[in-house]
Structures are given as C-alpha cells and as structure tokens.
Amino acid sequence: MKISVRNLEPTKVKLTITVDPEEFAPYLDGARKEIAKQVSVPGFRKGHVPGKIIDQRVGFAAVAGEAVNKAVPDLYSKALEEKKVRPMAQPQLDVQDVPSTEKDDTKLKFVATVERRPDIELPKLEGLEIEVAKPEVTDEDVNNRLETLRKRFGTLVGVDRPAGKGDFANIDLNATIDGESVDSQEGVSYELGSNTMLDGLDEALDGLSAGEETTFEGTLEAGDHAGQKAQVKVKVNSVKTEELPDLDDDFAKDASEFDTLDELKADVRKASERDAESRQATEARDAFIARLEEGAEIPVPKGVKADAVAEHLKNLKTDEKSATPEQKKEAEESAVKELRDQMVLDTLAEEVKVQVSQADVTNFLASIAQQYGMDPSQFINAIVNNGQLGSAVQEVGRSKGLLAGMRAVTFKSGDEVLDLSAFLGEEAQDEESESVEAASAAAAVADEVSKDPKSSK
C-alpha cells in the first residue's frame, strides 16, 4: 500500500492511498464468500459457491463494490496509524480507481480528507515546578458556613410592614399581552432580591405591603410566549421575614451530632479545610494544563470548532441565527479552550504511554451510570449503540494521562512543596480515578442516553 500525505492546513490533511492487487485480493475473496451466503446457485450448497461462479453470477463489479466497502475503512485506519495522523472528525472519502475485472491491473485508489490533531510540543515534565496558591481557611469562611446552616433551620414569620430585600412575599401574578392573559400563577413564595423570576419583579415588590398590587413590564422566561414583553400584574398576599436561631449550644445540638457550639465550629472548620484542599487540587490541575499550553501555538480544526460552537450555543438554549454577539463570543471561547485542552491531554497521554484497559472504561462508565441512577449494563450498552465507546476510551485516556503528568511535576506554594497525593493517588489507582473533564463529557453522554436509552446513531 502506497500512502501520500498532503497538508492542506495545519489541522487538515489529504491522504491518497493506492492499494496493491495482492493486498486487495483478500477483500475480494471475503466479498465473494459473503455474497455466496446470500445467493442460490443450482448444483452448489449455499455458502459454498466458487468465487469464479460468483463473479459470473452477480458480476465482478458487484463483488468489487462489496470489497471496497470493507477495504476502504480498514486501509484508511492502517494509513492513519502508519503516518501518525490523529483524526478529530469523520473523513471525506473519495474512491477514485477500482479494478473492473479479475485480470484488470488497475489498483484500488482512494483519497481521504480529514481534520486532524496538530502536532503539539509539550514541555518536559521532569524537573517542572508549578506555583499554586496555598488555600487558607479564615474565620469568615467558617462563619459563612455556619450562617448557611442557620438558614436551614430558619423559620418564616409574618410581618405587618412593606416588603424589602430578604423578605419572602406570597404573591399572585398575571401576565398579559395586548390585553390578553397569557400566564398566571397564584400563591407563589418569592424572596425579594433573589432575582430568580421575572426581570423587574424585585423592584415592583419593594415597598409593597400585604393586600397591595402593582403592574410592571417584564420579559417572559418560559412558555409559548417566552422572550416576549408582557404587562405583569403582581399582588402581595402576605409578607414574611426569616428568623434564624441563635448560635449557641442548643443550636449545635439541634443542627448536628455535637453538644457544644465550639465542637460544631471545629467540625465546620475541618470541612472548610477539606474543601479548600479540593479547590487547590482543581487549581493545580488548571495550572498544570495552562503550563503545558504556555507559549504553544495550538490551532483548532475549523470544522470541529464549528460543531463545538454549535453545541455550546445549544446548551445556551439558542443557535447561530438567534444568538447574541455575547453568546457567540462565549460559545466560541469555551469551544476553543475545550478543544485545545483535549488536544493537549491527548498528546500528553501518548507521551506518557497511557494504556486504557477494558476494565478502565467499564469502571468509568459504571460510575457515571450510578451517578445518574441508571442501570450500568443498560447504560454501557446504550453508549456502545450510540457509537460513543470511542469517546469514553478517549476520556479515560485523558484522565489517566492528566494524573500521570501531574504526578511527574512538583507543585509549590512559595518554598513549600504541596502534597496532592490524596487527589492524584498512585499509578495503580488510575482506573478508579477520573478527571473533571472526563466526568463532564460522560455526563453529557449520560444526559443524552437518559432521554432514550435504546437510541442509536
């Protein structure tokens, strides 16, 4: 097999593959055997018809066509491996020459045009030091956690005064467009200042007492008229304020297994420290990836980028035509960063010679299935049927490569060397570990599969 490679762009190549007759011959024989299983020829058992008879019966062109369908994908994959081309999208295949008869000297020739991962030169990991800020837990952090806990045990008490920020108002809403009611709700509890419903609602409620009402203009967020301006009438039925329990030993007993407030505070501080360490590990991961990309030119394949941008816009509940300039910018920036990170981690996984076993992928998918409350076997079967198994393998490889790479460098905060072993684990534990990127990608697959576990592409 002769392979010529032409670089069309830094991220796009054209492979011209010419196949010698002796290399194409096994595919012709295989095609004849498959056809023999489907045709009946007097004097021969089904599946045992000689190749020459098959050529006469169905025509060599039909045999060659069947052989090409099997040969081209196989030989394309071999060409990619031989030329070290790492595709990032499906190829455009163009079969140019096929022998017309058994004795025809014409060689099978086809062209594959595909977007590829660019060559990325990573810095040497040995001796590499990366600075990461050391997390600090302050009294304010502890107090904020305690305040959140207090709110869980708070009670709402009615007040006879106008509503203000932080109060809870029980309200009735009625939205009209051109005088016609398009949506209404009654008895809704709303916290002033939360800005979780209609734009303008907080301002409209501020200063209203029970029994009072007003009208304001707002943009509807959902329903058949989502995005349209409406006149919204709001009536206040009652105003309540939140009363929080005192921070004392009695509160500690009610809110936890501790007998004193000091014991509760100590436990909250420990929890804050654990969270701070987890954030530090995340910051170390981000700093590590940023260091790998530092100063590197990493072009992104145009077609892959366009698909990624479209997917990000979809997540923003819009598309290319209706998206605002800000949404388009956000989608493009997110897509480019995501793709660059993926390409760098793929390159890293190759350099550290990551091996992904079947157990790695099975464990990874099973953990995601459990996270979403799905049956692992059904979930894995759905992944396979949806053609997502390759993506799962790739994600596990990125995860293992990331962990291996981070273990190979030194993370420091000033002169202090940071110990991230609790998060990076040991090499033997790779199959039980997964990166945020891997979890996120699998979560997206899980969301799609959960809509229709039996669907397939």
# chains A, B, ... in the order shown; residues from 1 in each chain; ligands from 1

call {"tool": "select_by_dssp", "arguments": {"residues": "range 82-129 of chain A", "states": "strand (DSSP E)", "output": "compact mmCIF listing (two decimals) with C-alpha atoms, in the first residue's frame"}}
result
# COMPACT_ATOMS: atom_id res chain seq x y z
CA GLN A 92 -14.36 12.66 3.42
CA LEU A 93 -13.67 9.56 1.32
CA ASP A 94 -13.40 9.57 -2.45
CA VAL A 95 -12.83 6.23 -4.22
CA GLN A 96 -11.12 7.11 -7.49
CA ASP A 97 -9.99 3.83 -9.09
CA LEU A 108 -7.70 0.41 -5.84
CA LYS A 109 -7.10 4.08 -5.13
CA PHE A 110 -8.96 6.35 -2.77
CA VAL A 111 -8.48 9.76 -1.17
CA ALA A 112 -9.29 10.61 2.45
CA THR A 113 -9.52 14.23 3.59
CA VAL A 114 -9.75 14.63 7.33
CA GLU A 115 -9.28 17.20 10.10
CA GLU A 129 7.72 23.23 39.00

call {"tool": "residues_around", "arguments": {"residues": "Arg32 in chain A", "least_positions_apart": "3", "cutoff": "12 Å", "atoms": "only C-alpha atoms", "output": "count of residues only"}}
result
31

call {"tool": "residues_around", "arguments": {"residues": "range 236-240 of chain A", "least_positions_apart": "3", "cutoff": "6 Å", "atoms": "only C-alpha atoms", "output": "ChimeraX atom specification"}}
result
/A:156-159,167-171,210-212

call {"tool": "closest_residue", "arguments": {"among": "A:Arg145, A:Lys321, A:Lys233, A:His225", "to": "Asp275 in chain A", "atoms": "only C-alpha atoms"}}
result
A:Arg145

call {"tool": "residues_around", "arguments": {"residues": "Asp307 in chain A", "least_positions_apart": "5", "cutoff": "12 Å", "atoms": "only C-alpha atoms", "output": "list in words"}}
result
Met88, Ala89, Val300, Pro301, Lys302, His312, Leu313, Lys314, Asp319, Glu320, Ala331, Glu332, Ala335, Val336 and Leu339 of chain A

call {"tool": "decode", "arguments": {"residues": "range 116-144 of chain A", "atoms": "N, CA and C atoms", "output": "PDB file, in the first residue's frame"}}
result
ATOM      1  N   ARG A 116      -7.380  16.897  11.514  1.00  0.00           N
ATOM      2  CA  ARG A 116      -6.509  16.129  12.401  1.00  0.00           C
ATOM      3  C   ARG A 116      -6.053  16.967  13.587  1.00  0.00           C
ATOM      4  N   ARG A 117      -5.551  16.246  14.579  1.00  0.00           N
ATOM      5  CA  ARG A 117      -4.947  16.938  15.714  1.00  0.00           C
ATOM      6  C   ARG A 117      -3.581  17.447  15.291  1.00  0.00           C
ATOM      7  N   PRO A 118      -3.293  18.726  15.543  1.00  0.00           N
ATOM      8  CA  PRO A 118      -1.990  19.259  15.141  1.00  0.00           C
ATOM      9  C   PRO A 118      -0.877  18.680  16.006  1.00  0.00           C
ATOM     10  N   ASP A 119       0.331  18.774  15.517  1.00  0.00           N
ATOM     11  CA  ASP A 119       1.491  18.354  16.308  1.00  0.00           C
ATOM     12  C   ASP A 119       1.728  19.388  17.410  1.00  0.00           C
ATOM     13  N   ILE A 120       1.784  18.920  18.649  1.00  0.00           N
ATOM     14  CA  ILE A 120       1.939  19.807  19.801  1.00  0.00           C
ATOM     15  C   ILE A 120       3.192  19.412  20.568  1.00  0.00           C
ATOM     16  N   GLU A 121       4.074  20.372  20.771  1.00  0.00           N
ATOM     17  CA  GLU A 121       5.305  20.097  21.520  1.00  0.00           C
ATOM     18  C   GLU A 121       5.085  20.508  22.983  1.00  0.00           C
ATOM     19  N   LEU A 122       5.086  19.522  23.858  1.00  0.00           N
ATOM     20  CA  LEU A 122       4.862  19.778  25.278  1.00  0.00           C
ATOM     21  C   LEU A 122       6.196  19.985  25.996  1.00  0.00           C
ATOM     22  N   PRO A 123       6.196  20.771  27.071  1.00  0.00           N
ATOM     23  CA  PRO A 123       7.436  20.930  27.850  1.00  0.00           C
ATOM     24  C   PRO A 123       7.791  19.624  28.557  1.00  0.00           C
ATOM     25  N   LYS A 124       9.064  19.443  28.869  1.00  0.00           N
ATOM     26  CA  LYS A 124       9.486  18.249  29.599  1.00  0.00           C
ATOM     27  C   LYS A 124       8.938  18.307  31.021  1.00  0.00           C
ATOM     28  N   LEU A 125       8.381  17.195  31.461  1.00  0.00           N
ATOM     29  CA  LEU A 125       7.775  17.152  32.788  1.00  0.00           C
ATOM     30  C   LEU A 125       8.815  17.055  33.891  1.00  0.00           C
ATOM     31  N   GLU A 126       9.914  16.379  33.593  1.00  0.00           N
ATOM     32  CA  GLU A 126      10.944  16.176  34.619  1.00  0.00           C
ATOM     33  C   GLU A 126      11.524  17.520  35.072  1.00  0.00           C
ATOM     34  N   GLY A 127      11.462  17.766  36.360  1.00  0.00           N
ATOM     35  CA  GLY A 127      12.009  18.986  36.922  1.00  0.00           C
ATOM     36  C   GLY A 127      11.090  20.191  36.829  1.00  0.00           C
ATOM     37  N   LEU A 128       9.901  20.009  36.264  1.00  0.00           N
ATOM     38  CA  LEU A 128       8.975  21.119  36.086  1.00  0.00           C
ATOM     39  C   LEU A 128       8.315  21.471  37.424  1.00  0.00           C
ATOM     40  N   GLU A 129       8.343  22.754  37.780  1.00  0.00           N
ATOM     41  CA  GLU A 129       7.718  23.232  39.001  1.00  0.00           C
ATOM     42  C   GLU A 129       6.583  24.195  38.650  1.00  0.00           C
ATOM     43  N   ILE A 130       5.454  24.011  39.335  1.00  0.00           N
ATOM     44  CA  ILE A 130       4.268  24.826  39.054  1.00  0.00           C
ATOM     45  C   ILE A 130       3.786  25.454  40.351  1.00  0.00           C
ATOM     46  N   GLU A 131       3.595  26.752  40.314  1.00  0.00           N
ATOM     47  CA  GLU A 131       3.182  27.502  41.501  1.00  0.00           C
ATOM     48  C   GLU A 131       1.659  27.473  41.645  1.00  0.00           C
ATOM     49  N   VAL A 132       1.213  27.125  42.842  1.00  0.00           N
ATOM     50  CA  VAL A 132      -0.216  27.100  43.157  1.00  0.00           C
ATOM     51  C   VAL A 132      -0.413  27.739  44.526  1.00  0.00           C
ATOM     52  N   ALA A 133      -1.352  28.636  44.635  1.00  0.00           N
ATOM     53  CA  ALA A 133      -1.592  29.304  45.920  1.00  0.00           C
ATOM     54  C   ALA A 133      -2.053  28.303  46.974  1.00  0.00           C
ATOM     55  N   LYS A 134      -1.521  28.464  48.181  1.00  0.00           N
ATOM     56  CA  LYS A 134      -1.916  27.585  49.281  1.00  0.00           C
ATOM     57  C   LYS A 134      -3.247  28.071  49.834  1.00  0.00           C
ATOM     58  N   PRO A 135      -4.205  27.150  50.009  1.00  0.00           N
ATOM     59  CA  PRO A 135      -5.519  27.586  50.488  1.00  0.00           C
ATOM     60  C   PRO A 135      -5.478  27.977  51.963  1.00  0.00           C
ATOM     61  N   GLU A 136      -6.217  28.998  52.293  1.00  0.00           N
ATOM     62  CA  GLU A 136      -6.325  29.426  53.681  1.00  0.00           C
ATOM     63  C   GLU A 136      -7.798  29.485  54.075  1.00  0.00           C
ATOM     64  N   VAL A 137      -8.084  28.968  55.257  1.00  0.00           N
ATOM     65  CA  VAL A 137      -9.438  28.998  55.780  1.00  0.00           C
ATOM     66  C   VAL A 137      -9.500  30.064  56.864  1.00  0.00           C
ATOM     67  N   THR A 138     -10.343  31.061  56.666  1.00  0.00           N
ATOM     68  CA  THR A 138     -10.447  32.169  57.605  1.00  0.00           C
ATOM     69  C   THR A 138     -11.673  31.993  58.505  1.00  0.00           C
ATOM     70  N   ASP A 139     -11.726  32.809  59.549  1.00  0.00           N
ATOM     71  CA  ASP A 139     -12.903  32.800  60.427  1.00  0.00           C
ATOM     72  C   ASP A 139     -14.153  33.170  59.642  1.00  0.00           C
ATOM     73  N   GLU A 140     -13.980  34.029  58.633  1.00  0.00           N
ATOM     74  CA  GLU A 140     -15.120  34.417  57.810  1.00  0.00           C
ATOM     75  C   GLU A 140     -15.689  33.222  57.051  1.00  0.00           C
ATOM     76  N   ASP A 141     -14.800  32.358  56.545  1.00  0.00           N
ATOM     77  CA  ASP A 141     -15.253  31.151  55.855  1.00  0.00           C
ATOM     78  C   ASP A 141     -16.096  30.290  56.781  1.00  0.00           C
ATOM     79  N   VAL A 142     -15.611  30.113  58.001  1.00  0.00           N
ATOM     80  CA  VAL A 142     -16.337  29.294  58.978  1.00  0.00           C
ATOM     81  C   VAL A 142     -17.676  29.938  59.302  1.00  0.00           C
ATOM     82  N   ASN A 143     -17.676  31.250  59.522  1.00  0.00           N
ATOM     83  CA  ASN A 143     -18.914  31.948  59.857  1.00  0.00           C
ATOM     84  C   ASN A 143     -19.939  31.877  58.723  1.00  0.00           C
ATOM     85  N   ASN A 144     -19.458  31.944  57.488  1.00  0.00           N
ATOM     86  CA  ASN A 144     -20.372  31.845  56.345  1.00  0.00           C
ATOM     87  C   ASN A 144     -21.033  30.475  56.284  1.00  0.00           C
TER      88      ASN A 144
END
